[in-house]
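Heads up, the thing below is written out as structure tokens.
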Amino acid sequence: MELNFKIKDKSDKSLKLREANLSTFKKKGFPNKREEDWKFTDLEKVLSENFKELHNKQIDNKKPSIQDLKISHNSITLVNGKLESFDFKSENLKDENCFKINEFHLDQHLNFANELKDNRMQNLNTALHEGGFYLNIKSDYKFKYPIVIYNYFTGVLKNKIINNSETITMSKNSDATIIEYLIDESEGNFFKNTFKYINLEENASLNYYFVNKNESNNFFYEFSKVELLKNSNFKKYLFSSGMKFGKFESNIKLNGMNSCGEVYSGLFLGINNHQEIKTNIQHLKPNCQSHQDIKNVLASGSKGVFQGKVFVDSIAQKTNAYQLSKGLLLDEESEFSTKPELEIYADDVKCSHGSTSGNIDKEALFYLKARGIKEKEAIKMIIKGFLESVLEKIKDKDITDILLNHFNKHIKYEYRSN
Amino acid sequence: MSGKIIDTNKEYKYGFTTDIESFKAPKGLSEETIKFISKEKKEPKWLLDWRLKAYKRLKSLKEPNWQKPKYPKIDYQDLYYYSAPKSTKEKPKSLAEVDPKLIETYKKLGIPLDEQKRLSGVAVDAVFDSVSVATTFKGELTKKGIIFCSISEAIQKHPDLVKKYLGSVIPLTDHYFATLNSAVFTDGSFVYIPPNVRCPMELSTYFRINASQTGQFERTLIIADKGSYVSYLEGCTAPMRDENQLHAANVELVALDDAEIKYSTVQNWYPGDVHGKGGIYNFVTKRGACRGKNSKISWTQVETGSAITWKYPSCILQGDNSVGEFYSIAITNNYQKADTGTKMIHLGKNTKSKIISKGISAGKADNTYRGLVDINKKAINSRNYTQCDSLLMGNKCGAHTVPYIKNKNSSSTIEHEATTSKINEEQLFYCNQRGLNQEEAVSLIVNGFCKEVLQQLPMEFAVEAQKLVSISLEGSVG
């Protein structure tokens, strides 16, 4: 695979910084399975099998066909990773200072990126950084409607590498729901490398959903670094069914008493899909909670991976951490690999994880068939039930509808009778 | 590093040394050392070549470093690779000829070496530093066609069996410590159970490191032929020294059609003193192959000793319907560190495996369960169940769980669960109320926590292990 990475920047200082980062990246290149973090997802192999070259040339944006979600919402529109526009009219703001949003600049990006100096994908991200956005929600503001991030990919993006980043800062007592809605209308394969930096101050609360509208033949890597202060609450929901390749890392630091971090995911992986969810939840203060619930349905030679780690520092007493990962394997070609890890240094804690994988429960199938439901229908019901259990805790009906619709679209299981 | 004996640790009752003149190989690791060992043991040429091949390979290998407990670099040139009590140089023909001091040592350890006075009906092969001292009950076992002797003797008397199976489960090229063992292994046990024979008694080996600055590299090979059964026990002790001693053993098990091997270990090497000084580095490779159909290998381990325990007794389930089991208790106190677990590799159809691991961490210790369950494409209808529970005592210790789970097959089922918590205060209160003091109560609760594993041990060992569990945790409460 040929790497045609050209670095440009107006300021000399930034240029030097980018160059330094690129050379750090180039020393070892893309990570491969010999590295523990990439054990089940050999990025180097995946990219070299699918790309003859990767470049970071500027592409003229083609206008995306605007596709609104049918709910009252605010919006941020990104095209090929760059901030295009935003619209907060629904919110009917009296005070314009409730939030601040701007195109993400390298200087701002560096404030956050510095903490991940040893991450090669971050080095690459900084070196070739093209944009993104910076969103700051001011103290005490609670959003009435969800913010939808329309994440469009348009035009000829063949062999393109997109590096962008997003920063979301939730000030004290603020509250928001964000739905990232990915719409891929591009031609040719691209690889996207995104870093997200999310900070929650005291009593802040953020629900973050990731949903893709259509199937995508493209390659996504995403690293989210989330830091929570006292009494704050972060929930991440990941529904990326129908994407050819994805690795979604969440590094969540519970850095204030009574903070709570949760990760949920329900994926249906089809023909040759490969997706990995990796979490690292760090309990650094007492009385924090974390909850993870990962469900994967695997069909048609797909590969699902879950690497989840819970770290409990010696001062983080009264921690409550739970993690569950389940794989439902529908055929012989598919694979489910997990590494649920606990690293615990405090004694007064409740930490547990469970992981199962296997085929459809024969008894459940028999139960449904005995009630006159055809096998094909019964299997679909079981698959849906399995995935939808992740949605149980979502109270917002609009969002639940979007997600149910998403599942209906992506559960594509061709039943083959034995 | 000096070899001074320290006696500050009262809990470790096996910490004595035996003052026996020993006969050592020249210090350091080299071709000469290997040739010396081979010559001393009057080995055939093929084995020397095999050892040298391993040594050649070793030079290209690096010590692994992915494990959780880190240790100071080991100077492999500063070790003795062969140490034998001088009096055994001329091999004794019966127990009467064995050095009385050695017999006394084993008496202190409570090993029924003396055939006449034995009560427990356990046949013992005792390995002292590098040589096997005596094997009891030979007569009775020979009648059944069972071969139970030291591996050196097996090399002389049953070269075909050794040649066929040695290195067939743990190949020469496996990893650093296994390869090191292949190059310099000194002694160990050899067991062969002929077809359709049920071994009438528990076979047992006792390992003891006595000499200072010595590494122990024993090699055990157990073959259970078709339809046979054997239960094998292993115990280990070492004197208290303020240096770290290396123990890198290789244990290979082969179970053919319908055979069953039960391998139990009570590992009580010297763990170092309360400040973390001294103790054994227990870097052992144990692997069993269920080669035949319907075969079964079961590992049970109680790990209470060693400064660092780093081992993963594994099962390769090749035969259809074969079964692998792993029951483990790992207790770490003071500055002890353990990184242990298992690998269950399912290759045959309808294979089953079960993993029960109990980790207990106290003081400033670190306890890690690391395991792999890998169900391959062809291993249809396979099953695995894993349960890892950890108990923490105090907030200066750590308990970690790192399972790797791979399911490449839709007809197979894997279940894994793990929990970490401290001793339930209600349970403690209940015991206290009934007149048990804190330490007794903890010991009772911990023994209950470990019950599932302790039940798997043969009777005599279970009692000893139970005591060991209590002793290991002494001083960790309050």
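Going through the structure tokens in order, the chains are called A, B, and so on, while each chain numbers its residues from 1 and the ligands are numbered from 1 in the order shown.
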Would you mind listing, as a VMD selection string, all residues of chain B that have at least one atom within 8 Å of chain A, where only C-alpha atoms are what counts?
chain B and resid 377 391 to 422
Could you list, as a VMD selection string, every residue within 8 Å of Glu215 of chain A, counting only C-alpha atoms and ignoring same-chain residues fewer than 5 positions away?
chain A and resid 184 241 to 244
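Rounded to one decimal, atom CA of Gly288 of chain B and atom CA of Ser83 of chain B lie 28.3 Å from each other.
For the atom pair formed by atom CA of Lys8 of chain A and atom CA of Gly132 of chain A, the distance is 17.0 Å, given to one decimal.
The coordinates place atom CA of Met170 of chain A at 7.6 Å from atom CA of Ser139 of chain A.
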